[in-house]
Amino acid sequence: MERSIQTISPEEAERQRFFTEEIRSLPQKPSSYFVVTYGCQMNAHDSEKIAGMLEGMGIHEAESREEADFVIFNTCCVRENAERKALGNITWLKEVRKRNPNLMIAVCGCMIQEPGMAEVILRQYRFINLAFGTSNLHKFPELLYRALNANSNTVAVEDRDVIPEDLPIVRARKEFAYVTVMYGCNNFCSYCIVPYVRGRERSRDPERILREAGELCENGVREIMLLGQNVNSYGKDLQDGTSFPSLLRQLDALGIPRIRFMTSHPKDLSDELIETMAGAKHILPQFHLPVQSGSNSILHAMNRHYTREQYLDRVDTLRRAIPGIGLSTDIIVGFPGETEQDFRDTLDLVDRVRYDSAFTFVYSPRVGTAAASMAGQIPPDVSSRRIQELIRLQESLQQDTMKRFVGTEEEVLVEGLSRRSRSEVSGKGKHGISVTLPGSEEDIGHILRCRITGLKNNTLTAER
């Protein structure tokens with residue numbers, strides 16, 4: 001079926017501005033809000049947009065959700081645990097409302113876009129005032145206005161692929177910013193719900209991206225992270241021939257001190273992208289390259305479109321071009337049909353690559369995906385044993401791989417005070433690894449040069 005992909009029209013934008021002003025003038029609107037975010041960086045950035053719209057309505061952020069008059073859950077449905085946790089916290093707020101009858105509750109994000117979830121909300125969670133999907137984010141002012149004037153819950157889920165431009169944003173940090181370059185995914189990995197809840201791939205106009213990044217640079221932002229479900233596919237739907245490597249070269253020329261991006265699909269990792277990174281001044285030497293499995297038979301069942309040999313070739317090419325590059329990955333164990341040998345193949349690949357970090361998961365069936373109905377579902381006790389073995393291996397290798405930084409010079413963008421001491425600060429080094437070093441609150445938001453002296457758990461320690 002042909003899908004309609006469009007940006008928000010000027011008429012629609014004006015309509016939402018109207019509802020923003022209407023809410024601003026309401027005497028009975030909530031006075032404070034709190035956004036609870038689950039899931040990926042894309043969700044975190046969507047929460048910044050929700051905060052921006054709420055501030056425009058004259059509703060300001062509370063210190064905690066317990067103090068807020070309006071609590072918004074921005075949900076994730078990629079993993080079953082994230083969905084269960086969100087629903088548990090939402091149910092908990094039902095009890096909070098007994099103490100605060102005026103409390104408003106909204107649920108948005110990927111979970112609401114999941115097929116059938118809107119009906120569940122209507123049936124089982126009637127105390128929720130407002131629920132809306134990812135395609136309705138730009139209509140939040142209108143939906144909230146309806147909810148404030150309704151006697152029943154307001155639910156809105158659309159099945160269309162929108163590029164939401166020019167939404168107000170309240171950035172969580174002054175020195176760091178997310179910049180979305182594309183939305184959606186066309187890969188349809190057999191375990192993944194993302195194409196169904198985030199829609200098909202659609203690239204933002206490069207001029208809009210460059211303008212946003214340029215303004216961030218002028219406003220003192222020191223680092224941007226480019227976001228997309230598969231940034232390597234950026235530009236395939238554009239008519240001007242812009243590709244992700246060419247976009248990166250233009251962004252690099254703006255002079256933003258630090259540029260990162262995620263996530264990349266191994267099948268689309270081109271030599272041109274690697275060469276662009278190697279020759280750039282501001283693109284950091286870090287790459288998140290999800291492998292998911294080290295077994296060719298499981299990769300085929302996952303519909304990943306590459307082999308372990310091709311993946312290892314991409315890793316080797318990255319490391320030749322960018323010596324010392326920081327590599328991280330995602331790995332799933334317990335996928336349907338995974339044998340002991342398949343799992344051993346994954347352990348072998350992890351041992352060969354030696355990642356700086358790995359996000360490891362037990363396979364979680366998602367209704368509507370191909371893998372959910374596959375034969376050979378793995379018993380929980382087997383999946384649990386395998387994930388623990390994988391974690392132990394990764395932790396031991398990680399300690400070894402991080403030793404390569406000891407004695408080297410590093411530049412750290414300070415994010416905040418250390419949890420352990422007010423005379424220390426912490427932040428991310430160029431390779432994406434957390435670093436703790438001497439400092440004070442005045443250093444937050446600045447890039448500090450330091451010398452790595454040791455490591456503790458998953459964190460490097462340094463001196464200035």
# chains A, B, ... in the order shown; residues from 1 in each chain; ligands from 1

$ residues_around --residues "region 280-291 of chain A" --least-positions-apart "3" --cutoff "8 Å" --atoms "only C-alpha atoms" --output "MDAnalysis selection string"
chainID A and resid 249 252 255:266 276:277 294 311 322 324:331 430:432

$ closest_atom_pairs --of "region 173-232 of chain A" --to "region 155-161 of chain A" --cutoff "10 Å" --atoms "only C-alpha atoms" --output "JSON lines"
{"residue": "A:Tyr183", "atom": "CA", "partner": "A:Asp161", "partner_atom": "CA", "distance": 8.6}
{"residue": "A:Gly184", "atom": "CA", "partner": "A:Asp161", "partner_atom": "CA", "distance": 8.2}
{"residue": "A:Tyr196", "atom": "CA", "partner": "A:Asp159", "partner_atom": "CA", "distance": 9.1}
{"residue": "A:Val197", "atom": "CA", "partner": "A:Asp159", "partner_atom": "CA", "distance": 8.7}
{"residue": "A:Arg198", "atom": "CA", "partner": "A:Asp161", "partner_atom": "CA", "distance": 7.9}
{"residue": "A:Gly199", "atom": "CA", "partner": "A:Asp161", "partner_atom": "CA", "distance": 5.7}
{"residue": "A:Arg200", "atom": "CA", "partner": "A:Asp161", "partner_atom": "CA", "distance": 6.8}
{"residue": "A:Glu201", "atom": "CA", "partner": "A:Asp161", "partner_atom": "CA", "distance": 8.5}
{"residue": "A:Arg202", "atom": "CA", "partner": "A:Asp161", "partner_atom": "CA", "distance": 7.8}

$ residues_around --residues "region 16-24 of chain A" --least-positions-apart "2" --cutoff "8 Å" --atoms "only C-alpha atoms" --output "number ranges by chain"
A: 12-14, 26, 29, 53, 56-59, 138-142, 145

$ write_last_selection --atoms "C-alpha atoms" --output "PDB file, in the first residue's frame"
ATOM      1  CA  GLU A  12      -1.664  22.513  10.502  1.00  0.00           C
ATOM      2  CA  ALA A  13       1.124  24.384  12.273  1.00  0.00           C
ATOM      3  CA  GLU A  14      -1.129  27.427  12.657  1.00  0.00           C
ATOM      4  CA  LEU A  26      -7.432  28.449  30.302  1.00  0.00           C
ATOM      5  CA  LYS A  29      -5.135  24.019  32.977  1.00  0.00           C
ATOM      6  CA  MET A  53       5.087  22.491  23.566  1.00  0.00           C
ATOM      7  CA  GLY A  56       4.573  27.281  25.216  1.00  0.00           C
ATOM      8  CA  MET A  57       1.202  26.581  26.849  1.00  0.00           C
ATOM      9  CA  GLY A  58       2.365  28.162  30.085  1.00  0.00           C
ATOM     10  CA  ILE A  59       2.780  24.813  31.881  1.00  0.00           C
ATOM     11  CA  HIS A 138       2.774  17.404  16.429  1.00  0.00           C
ATOM     12  CA  LYS A 139      -0.949  17.500  17.336  1.00  0.00           C
ATOM     13  CA  PHE A 140      -0.281  17.407  21.067  1.00  0.00           C
ATOM     14  CA  PRO A 141      -1.690  20.938  21.729  1.00  0.00           C
ATOM     15  CA  GLU A 142      -4.987  20.089  20.035  1.00  0.00           C
ATOM     16  CA  TYR A 145      -7.139  20.883  24.598  1.00  0.00           C
TER      17      TYR A 145
END

$ residues_around --residues "Ile50 (chain A)" --least-positions-apart "4" --cutoff "10 Å" --atoms "only C-alpha atoms" --output "list in words"
Val35, Ala44, His45, Asp46, Leu54, Glu55, Gly56, Ile72, Asn74, Leu137, His138, Phe140, Pro141, Leu167, Pro168, Ile169 and Val170 of chain A

$ write_last_selection --atoms "C-alpha atoms" --output "mmCIF file, in the first residue's frame"
data_model
loop_
_atom_site.group_PDB
_atom_site.id
_atom_site.type_symbol
_atom_site.label_atom_id
_atom_site.label_comp_id
_atom_site.auth_asym_id
_atom_site.auth_seq_id
_atom_site.Cartn_x
_atom_site.Cartn_y
_atom_site.Cartn_z
ATOM 1 C CA VAL A 35 7.719 13.694 31.431
ATOM 2 C CA ALA A 44 14.309 11.219 24.656
ATOM 3 C CA HIS A 45 14.293 13.808 21.874
ATOM 4 C CA ASP A 46 10.509 13.474 21.468
ATOM 5 C CA LEU A 54 4.027 22.440 27.222
ATOM 6 C CA GLU A 55 6.217 25.419 28.088
ATOM 7 C CA GLY A 56 4.573 27.281 25.216
ATOM 8 C CA ILE A 72 3.268 12.223 30.598
ATOM 9 C CA ASN A 74 6.602 8.611 26.693
ATOM 10 C CA LEU A 137 3.126 14.145 18.359
ATOM 11 C CA HIS A 138 2.774 17.404 16.429
ATOM 12 C CA PHE A 140 -0.281 17.407 21.067
ATOM 13 C CA PRO A 141 -1.690 20.938 21.729
ATOM 14 C CA LEU A 167 8.291 21.941 16.910
ATOM 15 C CA PRO A 168 9.463 23.851 19.994
ATOM 16 C CA ILE A 169 12.169 22.047 21.979
ATOM 17 C CA VAL A 170 13.380 22.300 25.562
#

$ select_by_dssp --residues "region 78-269 of chain A" --states "strand (DSSP E or B)" --output "count of residues only"
34

$ closest_atom_pairs --of "region 171-281 of chain A" --to "region 297-310 of chain A" --cutoff "8 Å" --atoms "only C-alpha atoms" --output "tab-separated table"
residue	atom	partner	partner_atom	distance
A:Asn187	CA	A:Arg304	CA	7.8
A:Phe188	CA	A:Asn303	CA	7.3
A:Cys189	CA	A:Asn303	CA	5.0
A:Ser190	CA	A:Met302	CA	4.9
A:Tyr191	CA	A:Met302	CA	6.5
A:Pro266	CA	A:Tyr306	CA	7.3
A:Lys267	CA	A:Tyr306	CA	5.8

$ write_last_selection --atoms "C-alpha atoms" --output "compact mmCIF listing (two decimals), in the first residue's frame"
# COMPACT_ATOMS: atom_id res chain seq x y z
CA ASN A 187 14.36 -3.15 7.23
CA PHE A 188 11.65 -5.25 8.91
CA CYS A 189 13.97 -7.36 11.02
CA SER A 190 11.83 -10.30 12.05
CA TYR A 191 12.00 -9.47 15.78
CA PRO A 266 25.82 -3.12 9.12
CA LYS A 267 24.43 -3.88 5.67

$ atom_distance --atom1 "CA of Thr75 (chain A)" --atom2 "CA of Leu87 (chain A)"
9.1 Å

$ closest_residue --among "A:Ala358, A:Val333, A:Val221, A:Ala370" --to "Asp345 (chain A)" --atoms "only C-alpha atoms"
A:Val333

$ residues_around --residues "Leu216 (chain A)" --least-positions-apart "3" --cutoff "12 Å" --atoms "only C-alpha atoms" --output "VMD selection string"
chain A and resid 169 171 173 to 179 209 to 213 219 to 225 251 254 to 258

$ residues_around --residues "Phe361 (chain A)" --least-positions-apart "5" --cutoff "10 Å" --atoms "only C-alpha atoms" --output "compact mmCIF listing (two decimals) with C-alpha atoms, in the first residue's frame"
# COMPACT_ATOMS: atom_id res chain seq x y z
CA ARG A 79 11.25 -4.75 24.66
CA GLN A 292 22.38 -8.94 17.16
CA ASP A 330 23.43 -4.66 20.47
CA ILE A 331 23.09 -8.43 20.93
CA ILE A 332 20.00 -10.62 21.31
CA VAL A 333 20.18 -14.10 22.82
CA GLY A 334 17.42 -16.71 22.88
CA SER A 383 17.83 -17.73 27.63
CA SER A 384 18.69 -16.66 31.18
CA ILE A 387 22.52 -13.95 28.69
CA LEU A 390 27.37 -13.37 27.50
CA ILE A 391 27.40 -10.61 30.11

$ decode --residues "region 275-314 of chain A" --atoms "N, CA and C atoms" --output "mmCIF file, in the first residue's frame"
data_model
loop_
_atom_site.group_PDB
_atom_site.id
_atom_site.type_symbol
_atom_site.label_atom_id
_atom_site.label_comp_id
_atom_site.auth_asym_id
_atom_site.auth_seq_id
_atom_site.Cartn_x
_atom_site.Cartn_y
_atom_site.Cartn_z
ATOM 1 N N GLU A 275 35.351 6.394 5.135
ATOM 2 C CA GLU A 275 36.341 7.376 4.670
ATOM 3 C C GLU A 275 35.979 8.786 5.124
ATOM 4 N N THR A 276 34.681 9.087 5.132
ATOM 5 C CA THR A 276 34.231 10.406 5.590
ATOM 6 C C THR A 276 34.574 10.609 7.055
ATOM 7 N N MET A 277 34.312 9.604 7.874
ATOM 8 C CA MET A 277 34.647 9.685 9.293
ATOM 9 C C MET A 277 36.149 9.856 9.496
ATOM 10 N N ALA A 278 36.922 9.069 8.770
ATOM 11 C CA ALA A 278 38.374 9.102 8.940
ATOM 12 C C ALA A 278 38.964 10.458 8.567
ATOM 13 N N GLY A 279 38.350 11.153 7.610
ATOM 14 C CA GLY A 279 38.894 12.429 7.152
ATOM 15 C C GLY A 279 38.276 13.652 7.801
ATOM 16 N N ALA A 280 37.307 13.447 8.706
ATOM 17 C CA ALA A 280 36.587 14.573 9.311
ATOM 18 C C ALA A 280 37.349 15.155 10.496
ATOM 19 N N LYS A 281 37.091 16.418 10.766
ATOM 20 C CA LYS A 281 37.720 17.095 11.900
ATOM 21 C C LYS A 281 36.903 16.942 13.182
ATOM 22 N N HIS A 282 35.583 16.834 13.034
ATOM 23 C CA HIS A 282 34.722 16.928 14.211
ATOM 24 C C HIS A 282 33.879 15.685 14.474
ATOM 25 N N ILE A 283 33.876 14.717 13.558
ATOM 26 C CA ILE A 283 33.129 13.483 13.789
ATOM 27 C C ILE A 283 33.937 12.588 14.708
ATOM 28 N N LEU A 284 33.365 12.227 15.842
ATOM 29 C CA LEU A 284 34.115 11.514 16.870
ATOM 30 C C LEU A 284 34.353 10.052 16.485
ATOM 31 N N PRO A 285 35.458 9.489 16.982
ATOM 32 C CA PRO A 285 35.831 8.111 16.629
ATOM 33 C C PRO A 285 35.048 7.087 17.436
ATOM 34 N N GLN A 286 33.744 7.071 17.231
ATOM 35 C CA GLN A 286 32.858 6.133 17.921
ATOM 36 C C GLN A 286 31.846 5.606 16.929
ATOM 37 N N PHE A 287 31.521 4.320 17.048
ATOM 38 C CA PHE A 287 30.553 3.731 16.119
ATOM 39 C C PHE A 287 29.732 2.687 16.855
ATOM 40 N N HIS A 288 28.405 2.867 16.812
ATOM 41 C CA HIS A 288 27.497 1.856 17.356
ATOM 42 C C HIS A 288 27.006 1.001 16.198
ATOM 43 N N LEU A 289 27.397 -0.271 16.206
ATOM 44 C CA LEU A 289 27.122 -1.155 15.079
ATOM 45 C C LEU A 289 26.452 -2.436 15.588
ATOM 46 N N PRO A 290 25.122 -2.446 15.678
ATOM 47 C CA PRO A 290 24.423 -3.610 16.224
ATOM 48 C C PRO A 290 24.663 -4.872 15.387
ATOM 49 N N VAL A 291 25.085 -5.940 16.049
ATOM 50 C CA VAL A 291 25.299 -7.208 15.340
ATOM 51 C C VAL A 291 24.131 -8.151 15.558
ATOM 52 N N GLN A 292 23.527 -8.134 16.752
ATOM 53 C CA GLN A 292 22.376 -8.942 17.156
ATOM 54 C C GLN A 292 22.694 -10.420 17.358
ATOM 55 N N SER A 293 23.492 -11.018 16.483
ATOM 56 C CA SER A 293 23.876 -12.424 16.645
ATOM 57 C C SER A 293 25.158 -12.682 15.873
ATOM 58 N N GLY A 294 25.919 -13.672 16.346
ATOM 59 C CA GLY A 294 27.134 -14.066 15.626
ATOM 60 C C GLY A 294 26.938 -15.296 14.779
ATOM 61 N N SER A 295 25.706 -15.768 14.672
ATOM 62 C CA SER A 295 25.393 -16.978 13.901
ATOM 63 C C SER A 295 24.752 -16.624 12.574
ATOM 64 N N ASN A 296 25.270 -17.144 11.495
ATOM 65 C CA ASN A 296 24.698 -16.850 10.180
ATOM 66 C C ASN A 296 23.264 -17.337 10.049
ATOM 67 N N SER A 297 22.953 -18.508 10.614
ATOM 68 C CA SER A 297 21.587 -19.015 10.497
ATOM 69 C C SER A 297 20.612 -18.129 11.264
ATOM 70 N N ILE A 298 21.019 -17.622 12.426
ATOM 71 C CA ILE A 298 20.144 -16.733 13.186
ATOM 72 C C ILE A 298 20.046 -15.366 12.508
ATOM 73 N N LEU A 299 21.145 -14.863 11.985
ATOM 74 C CA LEU A 299 21.088 -13.593 11.251
ATOM 75 C C LEU A 299 20.127 -13.692 10.075
ATOM 76 N N HIS A 300 20.119 -14.834 9.397
ATOM 77 C CA HIS A 300 19.188 -15.042 8.277
ATOM 78 C C HIS A 300 17.747 -15.054 8.791
ATOM 79 N N ALA A 301 17.517 -15.762 9.904
ATOM 80 C CA ALA A 301 16.169 -15.813 10.471
ATOM 81 C C ALA A 301 15.719 -14.448 10.966
ATOM 82 N N MET A 302 16.669 -13.635 11.399
ATOM 83 C CA MET A 302 16.352 -12.274 11.849
ATOM 84 C C MET A 302 16.101 -11.309 10.688
ATOM 85 N N ASN A 303 16.393 -11.741 9.469
ATOM 86 C CA ASN A 303 16.246 -10.894 8.272
ATOM 87 C C ASN A 303 17.187 -9.691 8.321
ATOM 88 N N ARG A 304 18.441 -9.953 8.717
ATOM 89 C CA ARG A 304 19.412 -8.877 8.878
ATOM 90 C C ARG A 304 20.185 -8.543 7.602
ATOM 91 N N HIS A 305 20.203 -9.429 6.628
ATOM 92 C CA HIS A 305 20.803 -9.144 5.310
ATOM 93 C C HIS A 305 22.317 -8.956 5.339
ATOM 94 N N TYR A 306 22.999 -9.615 6.272
ATOM 95 C CA TYR A 306 24.454 -9.694 6.227
ATOM 96 C C TYR A 306 24.863 -10.971 6.946
ATOM 97 N N THR A 307 26.094 -11.393 6.727
ATOM 98 C CA THR A 307 26.637 -12.561 7.413
ATOM 99 C C THR A 307 27.625 -12.099 8.485
ATOM 100 N N ARG A 308 28.026 -13.023 9.338
ATOM 101 C CA ARG A 308 29.029 -12.676 10.342
ATOM 102 C C ARG A 308 30.333 -12.281 9.676
ATOM 103 N N GLU A 309 30.661 -12.931 8.550
ATOM 104 C CA GLU A 309 31.887 -12.606 7.825
ATOM 105 C C GLU A 309 31.842 -11.181 7.285
ATOM 106 N N GLN A 310 30.695 -10.773 6.749
ATOM 107 C CA GLN A 310 30.559 -9.413 6.250
ATOM 108 C C GLN A 310 30.625 -8.399 7.393
ATOM 109 N N TYR A 311 30.022 -8.741 8.515
ATOM 110 C CA TYR A 311 30.074 -7.856 9.681
ATOM 111 C C TYR A 311 31.513 -7.680 10.151
ATOM 112 N N LEU A 312 32.244 -8.778 10.282
ATOM 113 C CA LEU A 312 33.637 -8.705 10.737
ATOM 114 C C LEU A 312 34.495 -7.914 9.760
ATOM 115 N N ASP A 313 34.186 -8.006 8.476
ATOM 116 C CA ASP A 313 34.910 -7.210 7.471
ATOM 117 C C ASP A 313 34.687 -5.718 7.694
ATOM 118 N N ARG A 314 33.446 -5.336 8.017
ATOM 119 C CA ARG A 314 33.153 -3.922 8.274
ATOM 120 C C ARG A 314 33.905 -3.433 9.517
#
